[in-house]
>>> print(open('entry-v4.txt').read())   # compact mmCIF, C-alpha atoms and all ligand atoms
# COMPACT_ATOMS: atom_id res chain seq x y z
CA MET W 1 4.98 -15.11 -28.43
CA SER W 2 4.27 -16.26 -31.98
CA ARG W 3 4.71 -13.91 -34.91
CA GLU W 4 1.03 -14.24 -35.71
CA MET W 5 0.03 -13.18 -32.22
CA ARG W 6 2.32 -10.21 -32.36
CA MET W 7 0.84 -9.18 -35.68
CA ARG W 8 -2.66 -9.41 -34.26
CA GLN W 9 -1.62 -7.31 -31.32
CA LEU W 10 -0.04 -4.73 -33.55
CA GLN W 11 -3.19 -4.59 -35.62
CA PHE W 12 -5.20 -4.12 -32.48
CA ILE W 13 -2.97 -1.28 -31.43
CA VAL W 14 -3.27 0.40 -34.76
CA VAL W 15 -7.01 0.05 -34.95
CA ALA W 16 -7.39 1.43 -31.45
CA TRP W 17 -5.03 4.22 -32.31
CA LEU W 18 -7.01 5.10 -35.40
CA VAL W 19 -10.29 5.12 -33.54
CA VAL W 20 -8.93 7.46 -30.92
CA THR W 21 -7.31 9.66 -33.51
CA LEU W 22 -10.39 9.95 -35.67
CA SER W 23 -12.60 10.73 -32.73
CA SER W 24 -10.38 13.59 -31.73
CA ALA W 25 -9.49 14.83 -35.19
CA SER W 26 -12.20 17.48 -35.35
CA GLY W 27 -11.01 19.28 -32.26
CA ALA W 28 -8.24 21.85 -32.23
CA VAL W 29 -6.02 19.53 -30.26
CA THR W 30 -2.32 19.60 -30.93
CA ALA W 31 -1.62 16.25 -29.31
CA GLN W 32 -3.59 13.17 -30.29
CA PRO W 33 -3.52 10.14 -28.04
CA ALA W 34 -2.64 6.70 -29.26
CA SER W 35 -3.63 3.41 -27.69
CA LEU W 36 -1.16 0.71 -26.85
CA SER W 37 -1.89 -2.75 -25.55
CA PRO W 38 -0.01 -3.43 -22.31
CA ASN W 39 0.75 -6.88 -23.74
CA VAL W 40 3.28 -5.50 -26.20
CA LEU W 41 5.45 -3.94 -23.54
CA GLY W 42 8.82 -5.56 -23.95
CA GLU W 43 8.22 -6.63 -27.56
CA ARG W 44 10.63 -5.33 -30.17
CA PHE W 45 9.52 -2.75 -32.74
CA LEU W 46 11.27 -1.16 -35.67
CA LEU W 47 11.15 2.65 -35.68
CA GLN W 48 12.02 4.44 -38.91
CA ILE W 49 11.89 8.18 -39.42
CA SER W 50 12.15 10.49 -42.40
CA TYR W 51 11.51 14.21 -42.64
CA ASP W 52 10.94 16.97 -45.15
CA GLN W 53 12.68 20.26 -44.55
CA ARG W 54 11.09 23.01 -46.57
CA THR W 55 14.31 24.88 -47.24
CA VAL W 56 16.86 22.08 -47.40
CA GLY W 57 15.00 19.04 -48.63
CA PHE W 58 14.39 15.50 -47.59
CA ASN W 59 16.33 13.41 -45.12
CA THR W 60 16.09 10.34 -42.95
CA SER W 61 16.88 9.67 -39.32
CA ARG W 62 18.73 6.61 -38.06
CA SER W 63 16.52 3.52 -37.79
CA ARG W 64 16.18 1.95 -34.36
CA ILE W 65 14.94 -1.20 -32.69
CA VAL W 66 12.84 -0.12 -29.72
CA THR W 67 10.83 -1.58 -26.88
CA PHE W 68 8.33 0.02 -24.51
CA ARG W 69 8.63 -0.09 -20.73
CA ARG W 70 6.24 1.18 -18.09
CA ASP W 71 7.65 3.87 -15.86
CA GLY W 72 4.98 5.19 -13.51
CA ALA W 73 2.65 7.50 -15.43
CA ALA W 74 4.63 7.17 -18.66
CA LEU W 75 6.01 4.65 -21.10
CA GLN W 76 9.65 4.75 -21.96
CA MET W 77 10.69 3.95 -25.51
CA LEU W 78 14.04 2.21 -25.17
CA ASP W 79 16.64 1.91 -27.91
CA VAL W 80 17.69 -1.74 -27.99
CA SER W 81 19.37 -1.54 -31.42
CA ASP W 82 22.76 -2.14 -29.93
CA ALA W 83 22.87 -5.18 -27.70
CA GLN W 84 26.30 -4.21 -26.48
CA ARG W 85 24.86 -1.07 -24.89
CA SER W 86 21.73 -2.79 -23.64
CA ASP W 87 22.41 -2.36 -19.94
CA PRO W 88 20.78 0.02 -19.48
CA PRO W 89 19.34 0.76 -22.93
CA PRO W 90 19.10 4.46 -23.80
CA VAL W 91 15.67 6.08 -23.47
CA LEU W 92 14.67 7.46 -26.88
CA ALA W 93 11.40 8.99 -25.75
CA THR W 94 9.19 9.29 -22.71
CA ILE W 95 5.54 8.88 -23.61
CA PRO W 96 2.95 10.21 -21.16
CA ILE W 97 0.01 7.90 -20.43
CA SER W 98 -3.11 10.00 -20.57
CA ARG W 99 -5.70 7.29 -19.88
CA GLU W 100 -5.59 3.68 -18.88
CA THR W 101 -7.90 0.66 -18.97
CA PRO W 102 -7.00 -2.96 -18.28
CA SER W 103 -6.48 -3.54 -22.02
CA THR W 104 -5.27 -0.18 -23.32
CA LEU W 105 -2.86 2.60 -22.53
CA ASP W 106 -3.67 5.91 -24.22
CA VAL W 107 -0.39 7.61 -24.95
CA ASP W 108 0.66 10.80 -26.69
CA LEU W 109 3.27 10.20 -29.38
CA ASN W 110 3.32 13.82 -30.44
CA GLU W 111 4.33 14.82 -26.94
CA ALA W 112 6.88 12.02 -26.83
CA PHE W 113 8.69 12.68 -30.11
CA ASN W 114 10.32 15.96 -29.16
CA THR W 115 13.77 15.49 -30.65
CA LEU W 116 15.07 14.40 -34.04
CA ASP W 117 18.28 12.46 -34.58
CA ARG W 118 20.31 13.87 -37.49
CA GLU W 119 22.24 10.64 -37.90
CA GLU W 120 20.87 8.59 -40.78
CA ASP W 121 21.01 5.10 -42.22
CA ARG W 122 23.30 6.13 -45.08
CA THR W 123 26.50 5.74 -43.17
CA GLY W 124 29.80 3.92 -43.21
CA GLU W 125 32.93 3.25 -41.26
CA ASP W 126 34.72 6.20 -42.86
CA TYR W 127 32.14 8.55 -41.34
CA TYR W 128 33.06 7.70 -37.76
CA GLY W 129 35.26 4.59 -37.59
CA ARG W 130 34.49 0.95 -36.97
CA ILE W 131 33.59 1.34 -33.30
CA GLU W 132 30.24 2.69 -32.13
CA MET W 133 30.98 5.94 -30.31
CA HIS W 134 28.20 8.27 -31.34
CA ASP W 135 25.50 9.34 -28.99
CA GLY W 136 23.53 10.82 -31.84
CA ILE W 137 23.13 14.37 -33.02
CA ALA W 138 19.68 15.31 -31.83
CA VAL W 139 17.83 18.56 -32.39
CA ARG W 140 14.84 19.73 -30.36
CA LEU W 141 11.42 19.96 -32.01
CA PHE W 142 9.16 22.88 -31.15
CA ASP W 143 5.50 23.71 -31.89
CA ARG W 144 4.81 20.05 -32.52
CA ARG W 145 1.51 19.05 -34.05
CA ALA W 146 0.19 15.60 -34.95
CA LEU W 147 -0.94 15.59 -38.59
CA SER W 148 -2.17 12.08 -39.26
CA VAL W 149 -2.02 8.44 -38.38
CA ALA W 150 -2.36 5.79 -41.06
CA TYR W 151 -1.99 2.05 -41.32
CA HIS W 152 0.03 0.59 -44.21
CA GLY W 153 0.07 -3.19 -44.00
CA ALA W 154 1.82 -3.94 -40.72
CA THR W 155 3.31 -0.46 -40.49
CA LEU W 156 1.85 2.38 -38.51
CA VAL W 157 2.63 5.79 -39.98
CA PHE W 158 2.51 8.86 -37.78
CA ASP W 159 3.07 12.27 -39.38
CA GLN W 160 4.07 15.26 -37.30
CA GLU W 161 4.74 18.91 -38.04
CA ALA W 162 7.34 20.80 -36.04
CA ARG W 163 10.04 23.42 -36.27
CA THR W 164 13.62 23.42 -35.13
CA ASN W 165 15.35 26.01 -32.99
CA ASP W 166 16.72 27.74 -36.08
CA GLY W 167 13.28 28.10 -37.59
CA GLN W 168 13.26 25.14 -40.03
CA GLN W 169 9.76 23.84 -40.63
CA LEU W 170 9.68 20.03 -40.72
CA ILE W 171 7.17 17.37 -41.64
CA ILE W 172 8.30 14.19 -39.88
CA HIS W 173 7.15 10.70 -40.83
CA TYR W 174 7.43 7.94 -38.21
CA TYR W 175 7.05 4.30 -39.25
CA LEU W 176 6.49 1.84 -36.43
CA SER W 177 6.13 -1.89 -36.97
CA ALA W 178 6.70 -5.11 -35.07
CA TYR W 179 10.35 -6.01 -35.57
CA GLN W 180 10.40 -9.11 -37.74
CA PRO W 181 13.73 -9.48 -39.48
CA ARG W 182 13.64 -11.92 -42.37
CA ALA W 183 15.22 -15.14 -41.24
CA ASP W 184 16.36 -15.88 -44.79
CA PHE W 185 17.98 -12.48 -45.41
CA ARG W 186 21.62 -13.04 -46.26
CA ARG W 187 23.75 -10.49 -44.38
CA PHE W 188 27.02 -9.35 -45.85
CA GLU W 189 29.74 -8.38 -43.39
CA MET W 190 31.92 -5.51 -44.57
CA LYS W 191 35.56 -5.94 -43.65
CA ASN W 192 36.83 -2.64 -45.03
CA LEU W 193 36.35 -0.14 -47.83
CA ARG W 194 39.53 -0.94 -49.72
CA ARG W 195 38.17 -2.67 -52.81
CA PHE W 196 34.50 -1.72 -52.97
CA GLY W 197 31.99 0.30 -51.00
CA PHE W 198 28.50 -0.22 -49.69
CA TYR W 199 26.71 1.80 -47.04
CA GLU W 200 26.96 -0.01 -43.75
CA THR W 201 25.06 -0.56 -40.56
CA TYR W 202 26.39 1.15 -37.46
CA PRO W 203 28.98 -1.08 -35.76
CA GLN W 204 27.62 -3.91 -33.63
CA TRP W 205 29.53 -5.75 -30.98
CA ARG W 206 29.93 -9.50 -31.42
CA SER W 207 32.12 -11.96 -29.60
CA SER W 208 34.44 -11.76 -32.61
CA GLY W 209 34.67 -7.97 -32.32
CA TRP W 210 32.89 -5.07 -34.01
CA VAL W 211 31.03 -5.95 -37.19
CA LEU W 212 29.37 -3.83 -39.84
CA TYR W 213 26.95 -5.21 -42.41
CA ALA W 214 26.43 -3.89 -45.92
CA THR W 215 23.04 -2.29 -46.45
CA LYS W 216 21.24 -4.11 -49.24
CA PHE W 217 17.81 -5.30 -50.23
CA ASP W 218 16.53 -8.79 -49.75
CA ILE W 219 16.14 -10.29 -53.21
CA HIS W 220 13.89 -13.25 -52.58
CA GLU W 221 11.32 -11.06 -54.34
CA PRO W 222 12.04 -8.42 -56.97
CA ILE W 223 13.05 -4.96 -55.78
CA VAL W 224 10.33 -2.71 -57.16
CA PHE W 225 10.86 0.97 -57.89
CA ALA W 226 7.87 3.18 -58.70
CA LEU W 227 8.06 6.24 -60.94
CA SER W 228 6.12 9.09 -59.36
CA SER W 229 2.93 9.89 -61.25
CA ASP W 230 4.09 13.41 -62.08
CA THR W 231 7.07 12.11 -64.08
CA PRO W 232 6.62 13.49 -67.62
CA LYS W 233 5.86 10.84 -70.22
CA GLN W 234 8.81 11.73 -72.43
CA TYR W 235 11.29 10.86 -69.66
CA ARG W 236 9.76 7.68 -68.25
CA SER W 237 11.34 5.24 -70.63
CA ALA W 238 14.82 6.62 -69.93
CA LEU W 239 14.34 6.40 -66.17
CA ARG W 240 13.18 2.80 -66.57
CA ASP W 241 16.28 2.01 -68.61
CA GLY W 242 18.46 3.47 -65.84
CA VAL W 243 16.81 1.34 -63.17
CA LEU W 244 16.91 -1.84 -65.25
CA TYR W 245 20.61 -1.30 -65.95
CA TRP W 246 21.14 -3.10 -62.66
CA ASN W 247 19.54 -6.30 -63.92
CA ARG W 248 22.40 -6.58 -66.37
CA ALA W 249 24.83 -6.06 -63.49
CA PHE W 250 23.11 -8.80 -61.46
CA GLY W 251 22.97 -11.06 -64.49
CA ARG W 252 19.30 -11.72 -63.82
CA THR W 253 16.06 -9.95 -63.06
CA VAL W 254 16.31 -8.45 -59.59
CA VAL W 255 14.79 -4.97 -60.04
CA ARG W 256 11.48 -3.98 -61.57
CA VAL W 257 9.93 -0.63 -62.41
CA ILE W 258 6.28 0.27 -62.13
CA ASP W 259 4.31 3.48 -62.44
CA ALA W 260 3.32 4.70 -58.99
CA PRO W 261 -0.42 5.17 -58.49
CA SER W 262 -1.63 8.71 -58.75
CA GLY W 263 -0.80 10.76 -55.68
CA VAL W 264 2.00 8.51 -54.44
CA ARG W 265 5.06 10.63 -53.66
CA ALA W 266 8.33 10.05 -51.82
CA PRO W 267 8.51 9.21 -49.03
CA ASN W 268 5.94 6.45 -49.05
CA PRO W 269 5.80 3.43 -46.74
CA ASP W 270 4.52 1.14 -49.49
CA TYR W 271 6.69 2.06 -52.48
CA ASN W 272 10.31 2.75 -53.32
CA VAL W 273 9.47 5.96 -55.13
CA ILE W 274 11.58 7.57 -57.82
CA GLN W 275 10.33 11.09 -57.31
CA TRP W 276 10.40 13.59 -60.15
CA ALA W 277 11.45 16.66 -58.17
CA PRO W 278 11.71 19.97 -59.99
CA GLY W 279 13.02 22.59 -57.59
CA GLY W 280 14.71 20.20 -55.20
CA PHE W 281 18.17 20.47 -53.72
CA ALA W 282 20.10 17.69 -55.47
CA SER W 283 19.37 14.45 -57.24
CA THR W 284 19.93 11.97 -54.49
CA SER W 285 18.91 8.71 -52.94
CA TYR W 286 17.99 7.74 -49.37
CA ILE W 287 17.74 4.35 -47.77
CA GLN W 288 16.16 3.14 -44.55
CA SER W 289 17.38 -0.20 -43.36
CA ASP W 290 17.15 -2.75 -40.59
CA PRO W 291 19.78 -1.45 -38.17
CA LEU W 292 20.84 -4.96 -37.18
CA THR W 293 20.90 -6.89 -40.46
CA GLY W 294 21.39 -4.08 -42.97
CA GLN W 295 18.34 -5.09 -45.00
CA ILE W 296 17.10 -2.04 -46.89
CA LEU W 297 13.38 -1.62 -46.30
CA HIS W 298 12.66 1.72 -47.99
CA ALA W 299 14.46 3.67 -50.68
CA HIS W 300 13.56 7.15 -51.86
CA ILE W 301 15.11 8.65 -54.97
CA PHE W 302 14.79 12.27 -56.05
CA ILE W 303 15.48 13.14 -59.68
CA LEU W 304 16.00 16.83 -60.37
CA PRO W 305 15.37 17.65 -64.02
CA HIS W 306 16.78 21.16 -63.78
CA THR W 307 20.25 19.73 -63.15
CA LEU W 308 20.39 18.23 -66.63
CA ALA W 309 22.92 19.93 -68.85
CA GLY W 310 20.46 20.67 -71.63
CA GLY W 311 20.64 19.24 -75.13
CA ASP W 312 17.78 17.82 -77.15
CA LEU W 313 15.32 15.31 -75.77
CA ASP W 314 17.47 12.33 -76.75
CA GLN W 315 20.48 13.80 -74.97
CA GLN W 316 18.44 14.68 -71.90
CA ASN W 317 17.17 11.13 -71.78
CA ASP W 318 20.67 9.70 -72.03
CA GLN W 319 21.66 11.91 -69.09
CA LEU W 320 18.63 10.60 -67.20
CA ARG W 321 19.65 7.01 -67.91
CA TYR W 322 22.98 7.60 -66.22
CA LEU W 323 21.42 9.62 -63.41
CA ALA W 324 18.78 6.98 -62.65
CA ALA W 325 21.37 4.20 -62.74
CA HIS W 326 23.61 6.20 -60.35
CA GLU W 327 20.84 6.97 -57.86
CA VAL W 328 19.38 3.46 -57.98
CA GLY W 329 22.92 2.22 -57.31
CA HIS W 330 22.86 4.22 -54.07
CA ALA W 331 19.38 2.85 -53.33
CA LEU W 332 20.82 -0.66 -53.70
CA GLY W 333 23.44 0.30 -51.11
CA LEU W 334 26.42 1.20 -53.30
CA ARG W 335 28.76 4.04 -52.38
CA HIS W 336 30.48 6.31 -54.87
CA ASN W 337 33.51 5.05 -56.71
CA PHE W 338 35.66 8.03 -57.67
CA ALA W 339 38.82 6.09 -58.46
CA PRO W 340 40.41 7.19 -61.74
CA GLY W 341 40.61 4.52 -64.38
CA GLY W 342 37.98 5.16 -66.99
CA MET W 343 34.32 4.32 -67.14
CA THR W 344 34.10 1.34 -64.80
CA SER W 345 31.08 2.30 -62.66
CA VAL W 346 27.95 4.43 -62.85
CA MET W 347 28.75 5.29 -59.21
CA ASP W 348 31.40 7.75 -60.45
CA TYR W 349 30.82 11.33 -61.57
CA PHE W 350 31.54 12.11 -65.21
CA LYS W 351 31.77 14.98 -67.61
CA LEU W 352 28.99 15.37 -70.11
CA PRO W 353 30.50 13.40 -73.03
CA GLN W 354 31.05 10.33 -70.83
CA ILE W 355 27.58 10.71 -69.32
CA LEU W 356 26.06 10.74 -72.79
CA GLN W 357 28.12 7.70 -73.73
CA ILE W 358 27.04 5.74 -70.64
CA GLY W 359 23.44 6.78 -71.24
CA SER W 360 23.56 5.63 -74.84
CA GLU W 361 25.12 2.31 -73.82
CA ILE W 362 22.36 1.78 -71.26
CA ARG W 363 19.81 2.62 -73.96
CA ALA W 364 21.42 0.10 -76.30
CA GLY W 365 21.37 -2.64 -73.66
CA MET W 366 25.14 -3.00 -73.56
CA PRO W 367 26.75 -4.92 -70.70
CA SER W 368 26.93 -3.20 -67.33
CA LEU W 369 30.20 -1.62 -66.23
CA ALA W 370 32.84 -3.90 -64.72
CA TYR W 371 32.92 -2.59 -61.16
CA ASP W 372 29.12 -2.50 -60.84
CA THR W 373 28.77 -6.06 -62.07
CA ALA W 374 31.48 -7.44 -59.83
CA VAL W 375 30.35 -5.84 -56.59
CA VAL W 376 26.60 -6.44 -56.81
CA GLN W 377 27.18 -10.05 -57.75
CA HIS W 378 29.60 -10.39 -54.84
CA VAL W 379 27.55 -8.66 -52.14
CA TYR W 380 24.07 -9.67 -53.27
CA LEU W 381 24.64 -13.04 -54.88
CA GLY W 382 27.71 -14.30 -53.06
CA ALA W 383 29.79 -14.55 -56.22
CA PRO W 384 33.55 -14.60 -55.64
CA LEU W 385 35.32 -11.29 -56.15
CA ASP W 386 38.14 -11.46 -58.68
CA THR W 387 40.46 -8.84 -57.27
CA ASP W 388 42.78 -9.18 -60.27
CA THR W 389 40.17 -7.85 -62.65
CA LEU W 390 38.22 -5.63 -60.23
CA PRO W 391 38.60 -1.96 -61.23
CA PRO W 392 40.13 0.39 -58.65
CA PHE W 393 37.96 1.88 -55.93
CA CYS W 394 37.85 4.85 -53.60
CA THR W 395 34.96 6.71 -52.06
CA ASP W 396 33.86 9.94 -50.36
CA SER W 397 35.94 11.22 -47.48
CA GLN W 398 38.81 8.82 -48.14
CA GLN W 399 42.06 10.70 -48.37
CA GLY W 400 42.81 11.93 -51.87
CA CYS W 401 39.55 10.56 -53.24
CA PHE W 402 37.39 12.96 -55.15
CA PRO W 403 35.65 12.96 -58.51
CA PHE W 404 37.36 14.00 -61.76
CA ARG W 405 40.78 13.27 -60.26
CA SER W 406 42.22 12.14 -63.56
CA ALA W 407 41.02 15.29 -65.31
CA PRO W 408 43.37 18.26 -65.75
CA LYS W 409 43.28 20.76 -62.93
CA GLN W 410 40.20 22.90 -63.25
CA SER W 411 38.42 25.33 -61.04
CA ASN W 412 34.92 24.31 -61.97
CA ALA W 413 34.86 20.59 -62.54
CA LEU W 414 31.11 20.33 -62.41
CA HIS W 415 30.51 22.93 -65.07
CA GLY W 416 28.61 21.48 -67.96
CA ASN W 417 27.95 18.17 -66.24
CA VAL W 418 24.84 16.56 -64.95
CA SER W 419 24.80 17.61 -61.35
CA THR W 420 24.33 14.56 -59.22
CA ASP W 421 24.49 14.72 -55.50
CA PRO W 422 27.31 16.85 -54.09
CA ALA W 423 30.44 14.90 -53.32
CA HIS W 424 32.01 17.30 -50.88
CA ASP W 425 29.69 16.37 -48.07
CA PRO W 426 29.87 12.69 -47.17
CA LEU W 427 26.58 12.92 -45.30
CA ARG W 428 24.70 13.98 -48.40
CA GLN W 429 25.07 11.68 -51.33
ZN ZN A 501 25.90 9.83 -55.81
>>> encode(input="entry-v4.txt", output="structure tokens")
Amino acid sequence: MSREMRMRQLQFIVVAWLVVTLSSASGAVTAQPASLSPNVLGERFLLQISYDQRTVGFNTSRSRIVTFRRDGAALQMLDVSDAQRSDPPPVLATIPISRETPSTLDVDLNEAFNTLDREEDRTGEDYYGRIEMHDGIAVRLFDRRALSVAYHGATLVFDQEARTNDGQQLIIHYYLSAYQPRADFRRFEMKNLRRFGFYETYPQWRSSGWVLYATKFDIHEPIVFALSSDTPKQYRSALRDGVLYWNRAFGRTVVRVIDAPSGVRAPNPDYNVIQWAPGGFASTSYIQSDPLTGQILHAHIFILPHTLAGGDLDQQNDQLRYLAAHEVGHALGLRHNFAPGGMTSVMDYFKLPQILQIGSEIRAGMPSLAYDTAVVQHVYLGAPLDTDTLPPFCTDSQQGCFPFRSAPKQSNALHGNVSTDPAHDPLRQ
């Protein structure tokens, strides 16, 4: 089937879904039906999930390639992300069919999505090895309620409210779209984490063995980050500087910054939002990527102003320049680099004087740091990696690798520093 036909079918599904949803929205129903064309059974879709936890914060769930299969009075959503495990593919969800016509199947997604996978797209071989062994870490969802269905370009967005067994209230965002990987996306196979680190896809079996691809954006068009509309004016310029730091690392214009329209907040299916987030858990960055190619499709960044170490406005802005550059680095796929050896990467943690120095250098438009330049040009642009001049590298969870290693022994290394994301937990960066 042609791509155009699939798109038309998806649009039909979404329109039908919306009609059904709107017609039932006024009732006190907890489960809204959705309509699916029988013609798309067997087609591949991309399913991406993120969720807000009121007490812990934001997170994402591992992206999947799925298909739908009829099974009596239900549809099964099959996980076909991993071709090696495709016989039989795991059932991600069983979706009851509530009504059927020759051209439509009314189904209940709220009933179907009753578990949440805690695995996420920010992952790497050091989290679990280079061989796919995980069966997921799923939690049950209780008191589920469909909140809304919306259509964003070719992506259907379904929002659900639920709670977990331990009483966490969640708002869960499901993005479903026809799976159309860019044919011209240039994958980058990661061989190891010895010299540099990117987040990676889960391992995939090929005839050559297990492969993992770096997660990274496609750069045929600029990567656009949008400052949330509630970002105070006096900090916007510094955040822009931090984002645009990466253009110096690329050696050309790859990233852009815009002001998000009013009301746009992270997560958002249409924007890579840099969310001003007073009261959040930690400044951090999340990516959602194509599980097969590693192409990053959504990035959400949370900037927590209360973690700044004080100082006057100029000093706060220099801290924000470093912080934005660090978090955008994660959004571009880069892992931490905690190797001792001076200021060679914004992906390291620093004490306040170094943070202020990096911030002021970003403000002054000085060249990007050596590690950052070398690895983004290598992974994104295919430039050769000069291992003689490449600064040392190590990352979270590698033995003996932790921030501030070159500093004298101290009991409170983070005291007085800009608090970026915690390093002790490799799953939260
Ligand atoms: Zn970090």
>>> closest_residue(input="entry-v4.txt", among="W:Tyr245, W:Tyr128, W:Phe350, W:Tyr151", to="ligand ZN 501 (chain A)", atoms="only C-alpha atoms and all ligand atoms")
W:Phe350
>>> residues_around(input="entry-v4.txt", residues="stretch 93-95 of chain W", least_positions_apart="3", cutoff="9 Å", atoms="all atoms listed in the file", output="MDAnalysis selection string")
chainID W and resid 71 73:78 107:115
>>> closest_residue(input="entry-v4.txt", among="W:Ala370, W:Ile303, W:Ala154, W:Val91", to="ligand ZN 501 (chain A)", atoms="only C-alpha atoms and all ligand atoms")
W:Ile303
>>> atom_distance(input="entry-v4.txt", atom1="atom CA of W:Thr284", atom2="atom CA of W:Gly333")
12.6 Å
>>> closest_atom_pairs(input="entry-v4.txt", of="stretch 282-355 of chain W", to="stretch 189-198 of chain W", cutoff="12 Å", atoms="all atoms listed in the file", output="JSON lines")
{"residue": "W:Ile287", "atom": "CA", "partner": "W:Phe198", "partner_atom": "CA", "distance": 11.8}
{"residue": "W:Leu292", "atom": "CA", "partner": "W:Glu189", "partner_atom": "CA", "distance": 11.4}
{"residue": "W:Thr293", "atom": "CA", "partner": "W:Glu189", "partner_atom": "CA", "distance": 9.4}
{"residue": "W:Gly294", "atom": "CA", "partner": "W:Glu189", "partner_atom": "CA", "distance": 9.4}
{"residue": "W:Gln295", "atom": "CA", "partner": "W:Glu189", "partner_atom": "CA", "distance": 12.0}
{"residue": "W:Ile296", "atom": "CA", "partner": "W:Phe198", "partner_atom": "CA", "distance": 11.9}
{"residue": "W:Gly329", "atom": "CA", "partner": "W:Phe198", "partner_atom": "CA", "distance": 9.8}
{"residue": "W:His330", "atom": "CA", "partner": "W:Phe198", "partner_atom": "CA", "distance": 8.4}
{"residue": "W:Ala331", "atom": "CA", "partner": "W:Phe198", "partner_atom": "CA", "distance": 10.3}
{"residue": "W:Leu332", "atom": "CA", "partner": "W:Phe198", "partner_atom": "CA", "distance": 8.7}
{"residue": "W:Gly333", "atom": "CA", "partner": "W:Phe198", "partner_atom": "CA", "distance": 5.3}
{"residue": "W:Leu334", "atom": "CA", "partner": "W:Phe198", "partner_atom": "CA", "distance": 4.4}
{"residue": "W:Arg335", "atom": "CA", "partner": "W:Phe198", "partner_atom": "CA", "distance": 5.0}
{"residue": "W:His336", "atom": "CA", "partner": "W:Gly197", "partner_atom": "CA", "distance": 7.3}
{"residue": "W:Asn337", "atom": "CA", "partner": "W:Gly197", "partner_atom": "CA", "distance": 7.6}
{"residue": "W:Phe338", "atom": "CA", "partner": "W:Gly197", "partner_atom": "CA", "distance": 10.8}
{"residue": "W:Ala339", "atom": "CA", "partner": "W:Arg195", "partner_atom": "CA", "distance": 10.4}
{"residue": "W:Ser345", "atom": "CA", "partner": "W:Phe196", "partner_atom": "CA", "distance": 11.0}
{"residue": "W:Met347", "atom": "CA", "partner": "W:Gly197", "partner_atom": "CA", "distance": 10.1}
>>> atom_distance(input="entry-v4.txt", atom1="atom CA of W:Ala260", atom2="atom CA of W:Val224")
10.4 Å
>>> residues_around(input="entry-v4.txt", residues="stretch 118-122 of chain W", least_positions_apart="2", cutoff="6 Å", atoms="all atoms listed in the file", output="number ranges by chain")
W: 60-62, 137-138, 199, 288
>>> atom_distance(input="entry-v4.txt", atom1="atom CA of W:Ser228", atom2="atom CA of W:Val255")
16.5 Å
>>> closest_residue(input="entry-v4.txt", among="W:Asp79, W:Glu161, W:Asp184, W:Asp348", to="ligand ZN 501 (chain A)", atoms="all atoms listed in the file")
W:Asp348
>>> closest_residue(input="entry-v4.txt", among="W:Arg206, W:Arg252, W:His326, W:Arg363", to="ligand ZN 501 (chain A)", atoms="all atoms listed in the file")
W:His326
>>> build_atoms(input="entry-v4.txt", residues="stretch 216-227 of chain W", atoms="N, CA and C atoms", output="short mmCIF file (atom, residue, chain, number, x, y, z; two decimals), keeping the file's coordinate frame")
data_model
loop_
_atom_site.label_atom_id
_atom_site.label_comp_id
_atom_site.auth_asym_id
_atom_site.auth_seq_id
_atom_site.Cartn_x
_atom_site.Cartn_y
_atom_site.Cartn_z
N LYS W 216 21.67 -3.59 -47.94
CA LYS W 216 21.24 -4.11 -49.24
C LYS W 216 19.82 -4.65 -49.10
N PHE W 217 19.16 -4.75 -50.22
CA PHE W 217 17.81 -5.30 -50.23
C PHE W 217 17.86 -6.82 -50.08
N ASP W 218 16.76 -7.35 -49.60
CA ASP W 218 16.53 -8.79 -49.75
C ASP W 218 16.06 -9.01 -51.19
N ILE W 219 16.52 -10.08 -51.81
CA ILE W 219 16.14 -10.29 -53.21
C ILE W 219 15.39 -11.61 -53.41
N HIS W 220 14.75 -12.10 -52.36
CA HIS W 220 13.89 -13.25 -52.58
C HIS W 220 12.69 -12.87 -53.46
N GLU W 221 12.31 -11.59 -53.39
CA GLU W 221 11.32 -11.06 -54.34
C GLU W 221 11.98 -9.91 -55.08
N PRO W 222 11.43 -9.54 -56.23
CA PRO W 222 12.04 -8.42 -56.97
C PRO W 222 12.02 -7.13 -56.14
N ILE W 223 13.02 -6.30 -56.36
CA ILE W 223 13.05 -4.96 -55.78
C ILE W 223 12.27 -4.07 -56.74
N VAL W 224 11.20 -3.46 -56.27
CA VAL W 224 10.33 -2.71 -57.16
C VAL W 224 10.50 -1.21 -56.91
N PHE W 225 10.81 -0.49 -57.96
CA PHE W 225 10.86 0.97 -57.89
C PHE W 225 9.66 1.53 -58.65
N ALA W 226 9.09 2.61 -58.12
CA ALA W 226 7.87 3.18 -58.70
C ALA W 226 8.13 4.61 -59.14
N LEU W 227 7.89 4.87 -60.43
CA LEU W 227 8.06 6.24 -60.94
C LEU W 227 6.88 7.09 -60.46
#
